[in-house]
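Visitor: Provided herewith is a single structure, encoded as structure tokens, for subsequent inquiry.
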Amino acid sequence: MTGTVAPVLADALRARGDEVVRWDRERVRVDHAPAVRAFVDATAPDGICHLAMVSPDWAAAMAGLCGQRGIPFLFTSSVSVFGPEQRGPLGIEITPTATDDYGRYKRDCEVAVAGANPAALIPRLGWQIGHARGSNNMVDHLVRAAGEGTVRASTDWFPSCAFLDDTAAALVDLLDRGDPGLFHLEGNPGLSYFEIVTQLARTHRLEAHVVATDDVVMDNRREDPRIHVRPITERLVS
């Protein structure tokens, strides 16, 4: 509940009347199996959402526990499982090739979760667009870059991204449907990073000079016709 997506997902669930229970890792240690089982049994949740940065072993243990108790389990992965050379839009049938530590970590978690619980939901998220600074989202990154006066943005980079609120709505939809497996949550229909940054800078009235570059050539957008995410073009100022 201290990350980027989890608080927004919690708000979306509460808004429709659901009770959200925060997992306090200082009180219920993730490496203490009896405490984990006791906490899950005491709260008797209708579902568990795992959005934390912890080991693949714990992700697998949680997935397996939910499988044993018939509790829906959702683990959020990332577009980072794909390598920069893989050109989008990427379908779920494409094998990820990331070699960096974070990408391999997320891929290891995916494999561990699916192996422990074939009924688990594993949505891969892109770069999130929030509404303010202070967390790991595109607007916060832009605000910090704008502080230096100039923002460099490639016209040849088509990033996988979505607005936080729309990602949360799609995650709620996945929980309601309960369909197992991998999912790609994508909100960018085809805008370049330069186009997105230009419009966000205008929306947030940032006094920054946005410079178009061609130093990043990449398209890591994904596609998945099974799940709808509101396109970012519906929120951005044209």
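Identifiers in the structure tokens: chain A, B, ... in order shown; residue index from 1 per chain; ligand index from 1 in order shown.
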Taking the backbone alone, and naming residues the way the document does, which bits of segment 49-127 of chain A are helix (DSSP H, G or I) by DSSP, as a PyMOL selection string?
Guide: chain A and resi 56-69+79-81+101-116
Visitor: May I have the residues within 9 Å of Thr155 of chain A as a PyMOL selection string, using only C-alpha atoms and disregarding those fewer than 5 positions away in the same chain?
Guide: chain A and resi 191-195+212-217
Visitor: Write out, as JSON lines, each residue of segment 108-141 of chain A that has an atom at most 12 Å from segment 88-98 of chain A, together with the closest pair of atoms and their distance in Å to one decimal, counting only C-alpha atoms, rows going by chain and rising number.
Guide:
{"residue": "A:Asp108", "atom": "CA", "partner": "A:Ala98", "partner_atom": "CA", "distance": 11.0}
{"residue": "A:Glu110", "atom": "CA", "partner": "A:Pro96", "partner_atom": "CA", "distance": 11.1}
{"residue": "A:Val111", "atom": "CA", "partner": "A:Pro96", "partner_atom": "CA", "distance": 11.6}
{"residue": "A:Ile122", "atom": "CA", "partner": "A:Ile92", "partner_atom": "CA", "distance": 11.0}
{"residue": "A:Pro123", "atom": "CA", "partner": "A:Ile92", "partner_atom": "CA", "distance": 10.2}
{"residue": "A:Arg124", "atom": "CA", "partner": "A:Ile92", "partner_atom": "CA", "distance": 9.5}
Visitor: Write out as a list in words all residues of segment 4-127 of chain A that DSSP puts in strand (DSSP E) for this structure's backbone.
Guide: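 DSSP-assigned strand (DSSP E) residues in segment 4-127 of chain A: Ile48, Cys49, His50, Phe73, Leu74, Phe75, Ser77, Ser78, Leu121, Ile122, Pro123, Arg124, Leu125 and Trp127 of chain A.
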Visitor: Restricting it to N, CA, C and O atoms, dump the selection as a PDB file, in the first residue's frame.
Guide:
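This is the output file selection05.pdb:
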ATOM      1  N   ILE A  48      -6.746 -11.710  -3.000  1.00  0.00           N
ATOM      2  CA  ILE A  48      -5.491 -11.097  -2.559  1.00  0.00           C
ATOM      3  C   ILE A  48      -4.786 -10.512  -3.773  1.00  0.00           C
ATOM      4  O   ILE A  48      -4.598 -11.187  -4.789  1.00  0.00           O
ATOM      5  N   CYS A  49      -4.387  -9.255  -3.638  1.00  0.00           N
ATOM      6  CA  CYS A  49      -3.654  -8.558  -4.704  1.00  0.00           C
ATOM      7  C   CYS A  49      -2.219  -8.336  -4.239  1.00  0.00           C
ATOM      8  O   CYS A  49      -1.989  -7.710  -3.199  1.00  0.00           O
ATOM      9  N   HIS A  50      -1.287  -8.827  -4.998  1.00  0.00           N
ATOM     10  CA  HIS A  50       0.136  -8.745  -4.658  1.00  0.00           C
ATOM     11  C   HIS A  50       0.782  -7.715  -5.595  1.00  0.00           C
ATOM     12  O   HIS A  50       1.016  -7.992  -6.759  1.00  0.00           O
ATOM     13  N   PHE A  73      -6.091 -14.848  -6.685  1.00  0.00           N
ATOM     14  CA  PHE A  73      -4.789 -14.221  -6.429  1.00  0.00           C
ATOM     15  C   PHE A  73      -4.361 -13.439  -7.662  1.00  0.00           C
ATOM     16  O   PHE A  73      -4.332 -13.977  -8.768  1.00  0.00           O
ATOM     17  N   LEU A  74      -4.019 -12.163  -7.463  1.00  0.00           N
ATOM     18  CA  LEU A  74      -3.578 -11.298  -8.563  1.00  0.00           C
ATOM     19  C   LEU A  74      -2.179 -10.796  -8.264  1.00  0.00           C
ATOM     20  O   LEU A  74      -1.926 -10.237  -7.192  1.00  0.00           O
ATOM     21  N   PHE A  75      -1.269 -11.002  -9.198  1.00  0.00           N
ATOM     22  CA  PHE A  75       0.106 -10.523  -9.086  1.00  0.00           C
ATOM     23  C   PHE A  75       0.396  -9.572 -10.246  1.00  0.00           C
ATOM     24  O   PHE A  75       0.242  -9.948 -11.408  1.00  0.00           O
ATOM     25  N   SER A  77       2.706  -7.808 -12.753  1.00  0.00           N
ATOM     26  CA  SER A  77       4.024  -7.849 -13.375  1.00  0.00           C
ATOM     27  C   SER A  77       4.222  -6.557 -14.169  1.00  0.00           C
ATOM     28  O   SER A  77       3.521  -5.569 -13.946  1.00  0.00           O
ATOM     29  N   SER A  78       5.157  -6.582 -15.099  1.00  0.00           N
ATOM     30  CA  SER A  78       5.555  -5.336 -15.759  1.00  0.00           C
ATOM     31  C   SER A  78       5.933  -5.560 -17.218  1.00  0.00           C
ATOM     32  O   SER A  78       6.369  -6.648 -17.608  1.00  0.00           O
ATOM     33  N   LEU A 121      -4.011 -14.658 -11.552  1.00  0.00           N
ATOM     34  CA  LEU A 121      -4.112 -13.605 -12.553  1.00  0.00           C
ATOM     35  C   LEU A 121      -2.801 -12.832 -12.538  1.00  0.00           C
ATOM     36  O   LEU A 121      -2.341 -12.374 -11.483  1.00  0.00           O
ATOM     37  N   ILE A 122      -2.184 -12.656 -13.713  1.00  0.00           N
ATOM     38  CA  ILE A 122      -0.892 -11.985 -13.800  1.00  0.00           C
ATOM     39  C   ILE A 122      -0.961 -10.886 -14.865  1.00  0.00           C
ATOM     40  O   ILE A 122      -0.619 -11.106 -16.032  1.00  0.00           O
ATOM     41  N   PRO A 123      -1.427  -9.694 -14.513  1.00  0.00           N
ATOM     42  CA  PRO A 123      -1.445  -8.585 -15.459  1.00  0.00           C
ATOM     43  C   PRO A 123      -0.082  -7.881 -15.534  1.00  0.00           C
ATOM     44  O   PRO A 123       0.527  -7.599 -14.498  1.00  0.00           O
ATOM     45  N   ARG A 124       0.379  -7.638 -16.740  1.00  0.00           N
ATOM     46  CA  ARG A 124       1.613  -6.880 -16.943  1.00  0.00           C
ATOM     47  C   ARG A 124       1.246  -5.412 -17.172  1.00  0.00           C
ATOM     48  O   ARG A 124       0.466  -5.094 -18.079  1.00  0.00           O
ATOM     49  N   LEU A 125       1.822  -4.541 -16.358  1.00  0.00           N
ATOM     50  CA  LEU A 125       1.512  -3.119 -16.426  1.00  0.00           C
ATOM     51  C   LEU A 125       2.610  -2.351 -17.144  1.00  0.00           C
ATOM     52  O   LEU A 125       3.774  -2.757 -17.139  1.00  0.00           O
ATOM     53  N   TRP A 127       4.190   1.858 -17.911  1.00  0.00           N
ATOM     54  CA  TRP A 127       4.556   3.026 -17.120  1.00  0.00           C
ATOM     55  C   TRP A 127       3.273   3.767 -16.756  1.00  0.00           C
ATOM     56  O   TRP A 127       2.465   4.094 -17.628  1.00  0.00           O
TER      57      TRP A 127
END
Visitor: Please identify every residue of segment 94-195 of chain A that has at least one atom no farther than 10 Å from an atom of segment 51-55 of chain A, counting only C-alpha atoms, and for each give the shortest atom pair and the distance in Å to one decimal, arranged by chain then increasing number, as a Markdown table.
Guide:
| residue | atom | partner | partner_atom | distance |
| --- | --- | --- | --- | --- |
| A:Tyr105 | CA | A:Ser55 | CA | 8.3 |
| A:Lys106 | CA | A:Met53 | CA | 9.3 |
| A:Asp108 | CA | A:Ser55 | CA | 9.2 |
| A:Cys109 | CA | A:Ser55 | CA | 7.6 |
| A:Ala112 | CA | A:Ser55 | CA | 9.9 |
Visitor: Mind writing the picked residues with N, CA and C atoms as an mmCIF file, in the first residue's frame?
Guide:
data_model
loop_
_atom_site.group_PDB
_atom_site.id
_atom_site.type_symbol
_atom_site.label_atom_id
_atom_site.label_comp_id
_atom_site.auth_asym_id
_atom_site.auth_seq_id
_atom_site.Cartn_x
_atom_site.Cartn_y
_atom_site.Cartn_z
ATOM 1 N N TYR A 105 13.725 -10.167 -12.713
ATOM 2 C CA TYR A 105 13.037 -10.388 -11.439
ATOM 3 C C TYR A 105 11.532 -10.547 -11.652
ATOM 4 N N LYS A 106 10.946 -9.660 -12.442
ATOM 5 C CA LYS A 106 9.511 -9.750 -12.691
ATOM 6 C C LYS A 106 9.160 -11.027 -13.445
ATOM 7 N N ASP A 108 10.851 -13.856 -13.316
ATOM 8 C CA ASP A 108 10.985 -14.951 -12.364
ATOM 9 C C ASP A 108 9.740 -15.052 -11.481
ATOM 10 N N CYS A 109 9.199 -13.897 -11.085
ATOM 11 C CA CYS A 109 7.982 -13.901 -10.273
ATOM 12 C C CYS A 109 6.805 -14.477 -11.056
ATOM 13 N N ALA A 112 7.170 -18.210 -11.181
ATOM 14 C CA ALA A 112 6.959 -18.808 -9.865
ATOM 15 C C ALA A 112 5.481 -18.804 -9.490
#
Visitor: Give me the residues near Asp46 of chain A as a list in words, where near means some atom within 10 Å (using only C-alpha atoms) and where sequence neighbours in that chain fewer than 3 positions away do not count.
Guide: Asp18, Glu19, Thr43, Gly70, Ile71, Pro72, Phe73 and Leu175 of chain A
Visitor: Any idea what's packed within 9 Å of segment 113-115 of chain A, counting only C-alpha atoms, ignoring anything in its chain fewer than 6 positions away? Could you give it as a PDB file with C-alpha atoms, in the first residue's frame?
Guide:
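The resulting result.pdb:
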ATOM      1  CA  PRO A  56       9.739 -14.719  -6.213  1.00  0.00           C
ATOM      2  CA  ASP A  57       9.674 -17.375  -3.477  1.00  0.00           C
ATOM      3  CA  ALA A  59       5.112 -14.544  -4.447  1.00  0.00           C
ATOM      4  CA  ALA A  60       4.942 -18.278  -5.174  1.00  0.00           C
ATOM      5  CA  ALA A  61       4.136 -19.094  -1.549  1.00  0.00           C
ATOM      6  CA  MET A  62       1.262 -16.597  -1.531  1.00  0.00           C
ATOM      7  CA  ALA A  63      -0.024 -17.855  -4.865  1.00  0.00           C
ATOM      8  CA  GLY A  64       0.096 -21.443  -3.617  1.00  0.00           C
ATOM      9  CA  PHE A  75       0.106 -10.523  -9.086  1.00  0.00           C
ATOM     10  CA  LEU A 121      -4.112 -13.605 -12.553  1.00  0.00           C
ATOM     11  CA  ILE A 122      -0.892 -11.985 -13.800  1.00  0.00           C
ATOM     12  CA  GLY A 181      -3.329 -16.316 -16.830  1.00  0.00           C
TER      13      GLY A 181
END
Visitor: Quick one: pull the distance between atom CA of Arg222 of chain A and atom CA of Val81 of chain A, Å, one decimal.
Guide: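 Spanning atom CA of Arg222 of chain A to atom CA of Val81 of chain A is a straight-line distance of 11.6 Å.
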Visitor: Which value, in Å to one decimal, gives the distance between atom CA of Ala119 of chain A and atom CA of Pro180 of chain A?
Guide: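 That distance, rounded to one decimal, is 4.7 Å.
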Visitor: Which residues are near Asn220 of chain A? Cut-off 9 Å, only C-alpha atoms, ignore same chain within fewer than 2 positions. Put them as a list in words.
Guide: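 Counting only C-alpha atoms, the residues come to Val79, Ser80, Phe82, Gly83, Pro84, Glu85, Gln86, Arg87, Gly88, Pro89, Leu90, Gly126, Trp157, Phe158, Pro159, Ser160, Met218 and Arg222 of chain A.
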Visitor: Restricting the calculation to only C-alpha atoms, which member of A:Leu185, A:Leu142, A:Gln128, A:Val197 is positioned closest to Ser154 of chain A?
Guide: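 Among the listed residues, the smallest separation from Ser154 of chain A belongs to A:Val197.
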Visitor: Quick one: of A:Leu13, A:Thr198, A:Gln68, A:Ala44, who's nearest to Asp173 of chain A, counting only C-alpha atoms?
Guide: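 Result for the nearest residue to Asp173 of chain A: A:Leu13.
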Visitor: Taking only C-alpha atoms into account, name the residue in A:Cys66, A:Val143, A:Val40, A:Leu9 that is nearest to His209 of chain A.
Guide: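 The answer is A:Val143, which sits nearest to His209 of chain A.
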Visitor: What is the atom CA of Arg22 of chain A-atom CA of Arg235 of chain A distance in Å, reported with one decimal?
Guide: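 Atom CA of Arg22 of chain A sits 29.9 Å away from atom CA of Arg235 of chain A.
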Visitor: Which is closest to Gly130 of chain A among A:Ala15, A:Thr76, A:Asp41, A:Asp165, if we use only C-alpha atoms?
Guide: A:Asp165
Visitor: Near segment 36-39 of chain A, counting only C-alpha atoms, which residues have an atom at most 9 Å away, once you skip same-chain residues fewer than 5 positions from it, shown as a PyMOL selection string?
Guide: chain A and resi 23+28-31+44+62+65
Visitor: Mind dumping the selected residues with C-alpha atoms as a PDB file, in the first residue's frame?
Guide:
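Ended up saving to part_21.pdb:
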ATOM      1  CA  TRP A  23      -0.819  -6.143   4.554  1.00  0.00           C
ATOM      2  CA  VAL A  28       2.981 -10.007   9.503  1.00  0.00           C
ATOM      3  CA  ARG A  29       6.397 -10.970   8.196  1.00  0.00           C
ATOM      4  CA  VAL A  30       6.331 -12.438   4.718  1.00  0.00           C
ATOM      5  CA  ASP A  31       9.098 -14.915   5.594  1.00  0.00           C
ATOM      6  CA  ALA A  44     -10.752 -14.531   5.132  1.00  0.00           C
ATOM      7  CA  MET A  62       1.262 -16.597  -1.531  1.00  0.00           C
ATOM      8  CA  LEU A  65      -1.664 -20.576  -0.357  1.00  0.00           C
TER       9      LEU A  65
END
Visitor: Could you name the residues that touch Ala169 of chain A at 12 Å or less, counting only C-alpha atoms, but leaving out those on the same chain fewer than 6 positions away, as a ChimeraX atom specification?
Guide: /A:5-6,8-16,162-163,175-176,185,187,227-230
Visitor: Those selected residues, please, written with C-alpha atoms and delivered as a short mmCIF file (atom, residue, chain, number, x, y, z; two decimals), in the first residue's frame.
Guide:
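Output file selection_0.cif follows:
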data_model
loop_
_atom_site.label_atom_id
_atom_site.label_comp_id
_atom_site.auth_asym_id
_atom_site.auth_seq_id
_atom_site.Cartn_x
_atom_site.Cartn_y
_atom_site.Cartn_z
CA VAL A 5 -0.55 1.38 -8.07
CA ALA A 6 -1.77 -0.26 -4.85
CA VAL A 8 -5.16 3.75 -6.36
CA LEU A 9 -6.46 0.19 -6.72
CA ALA A 10 -7.52 0.27 -3.07
CA ASP A 11 -9.45 3.51 -3.66
CA ALA A 12 -11.20 1.97 -6.68
CA LEU A 13 -12.24 -1.06 -4.63
CA ARG A 14 -13.43 1.06 -1.70
CA ALA A 15 -15.40 3.32 -4.05
CA ARG A 16 -17.65 0.41 -4.97
CA ALA A 162 -1.73 4.12 -18.97
CA PHE A 163 -3.27 6.51 -16.49
CA LEU A 175 -10.65 -9.51 -10.34
CA ASP A 176 -14.39 -9.58 -11.07
CA LEU A 185 -2.87 -3.77 -19.71
CA GLY A 187 -3.42 2.42 -22.63
CA ILE A 227 -9.07 -6.60 -21.46
CA HIS A 228 -9.96 -2.94 -22.07
CA VAL A 229 -7.91 -0.06 -20.69
CA ARG A 230 -9.10 3.48 -21.36
#
